[in-house]
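Everything on this sheet refers to the single structure shown next.
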Amino acid sequence: ERERKATERRVREACFPVIKTIDLFDFKAISTLNESLVRELLRGEYLQKSENILLLGNPGTGKTHLATALGHMACAQGKKVRFTSVIALVTQLLEQRENKGLARLMKQIEKLDLLILDELGYVPFSKSGAELLFDVISRAYEKTSLIVTTNLPFEQWVEVLGSERLTGALLDRLTHRVHILEANGESYRLAHAKARLKGKKA
């Protein structure tokens, strides 16, 4: 009972937007995804080694669902987890720098076992924002595991981060000890919307 309550507390503190577990994931819908690697990662050994996970692929293919399921499992394994969109984190970092609270926020992040950064690639960052994100990833290097979801191939990350040098250094740290999961295919959401429309017409 005590362990169950502790897990529930860790899940609350992780700030998942929606709780999604692996049982609800439809592997058949995304043929490019390496299911056996996902199952292996759910065991959590990557966390002991401070390894990272990159989830690459088109929008709507379940990357956030997978990241949440991995994070939820990490909470059940006693790990401290935080889920945030990349935009929300960069905004928070910039605000805390203005309010002289950046050092405190960085300390909180450094106490995590797993930081999930969702949706890299939708909005480009300012120079300051990109530098602060780089700082978070540098501090996490070989200490905290990161899960990053993105719809961008690596060669396009410079469009979001704005500097080739910074992008190269960031990718160097992120991909040094990494598991890459590719989720390409038609968007789940689009497929479900089409099915609903078909049903209405019928």
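As shown in the structure tokens, the chain order sets the letters A, B, ...; within each chain, residues go from 1, and ligands are also counted from 1 in the order they appear.
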task: Name the residues of chain A that fall into alpha helix (DSSP H) according to DSSP on the backbone, using the chain letters and numbers of this document, as a PyMOL selection string.
output: chain A and resi 2-14+35-41+45-48+63-76+86-98+102-110+127-140+157-161+164-174+188-201
How close does region 79-110 of chain A get to region 15-20 of chain A? List, as JSON lines, each residue of region 79-110 of chain A within 12 Å, its nearest atom pair and the distance in Å to one decimal, counting only C-alpha atoms.
```
{"residue": "A:Lys80", "atom": "CA", "partner": "A:Cys15", "partner_atom": "CA", "distance": 11.2}
{"residue": "A:Val81", "atom": "CA", "partner": "A:Cys15", "partner_atom": "CA", "distance": 8.6}
{"residue": "A:Arg82", "atom": "CA", "partner": "A:Cys15", "partner_atom": "CA", "distance": 6.4}
{"residue": "A:Phe83", "atom": "CA", "partner": "A:Phe16", "partner_atom": "CA", "distance": 5.6}
{"residue": "A:Thr84", "atom": "CA", "partner": "A:Cys15", "partner_atom": "CA", "distance": 7.5}
{"residue": "A:Ser85", "atom": "CA", "partner": "A:Pro17", "partner_atom": "CA", "distance": 9.7}
```
Closest-contact table, region 80-178 of chain A side, partner region 43-59 of chain A, 10 Å, counting only C-alpha atoms, as a tab-separated table:
```
residue	atom	partner	partner_atom	distance
A:Asp113	CA	A:Leu47	CA	7.0
A:Leu114	CA	A:Leu47	CA	7.3
A:Leu115	CA	A:Asn52	CA	9.6
A:Ile116	CA	A:Ile53	CA	9.3
A:Leu117	CA	A:Leu54	CA	9.8
A:Asp118	CA	A:Leu55	CA	9.3
A:Glu119	CA	A:Pro59	CA	9.1
A:Leu120	CA	A:Leu56	CA	9.9
A:Ala140	CA	A:Ser50	CA	8.6
A:Tyr141	CA	A:Ser50	CA	7.8
A:Glu142	CA	A:Ser50	CA	5.4
A:Lys143	CA	A:Ser50	CA	5.5
A:Thr144	CA	A:Ser50	CA	5.3
A:Ser145	CA	A:Ser50	CA	4.6
A:Leu146	CA	A:Asn52	CA	4.8
A:Ile147	CA	A:Ile53	CA	4.7
A:Val148	CA	A:Leu54	CA	5.0
A:Thr149	CA	A:Leu55	CA	4.6
A:Thr150	CA	A:Leu56	CA	5.2
A:Asn151	CA	A:Gly57	CA	5.0
A:Leu152	CA	A:Leu56	CA	7.1
A:Pro153	CA	A:Leu56	CA	7.4
A:Phe154	CA	A:Leu56	CA	9.3
A:Arg173	CA	A:Asn52	CA	9.6
A:Leu174	CA	A:Asn52	CA	6.8
A:Thr175	CA	A:Asn52	CA	7.4
A:His176	CA	A:Glu51	CA	8.4
A:Arg177	CA	A:Glu51	CA	5.2
A:Val178	CA	A:Asn52	CA	4.6
```
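Relative to CA of Leu161 (chain A), CA of Phe125 (chain A) is found at 5.9 Å.
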- prompt: Can you tell me how far CA of Ile109 (chain A) sits from CA of Ala88 (chain A), in Å to one decimal?
  reply: 13.9 Å
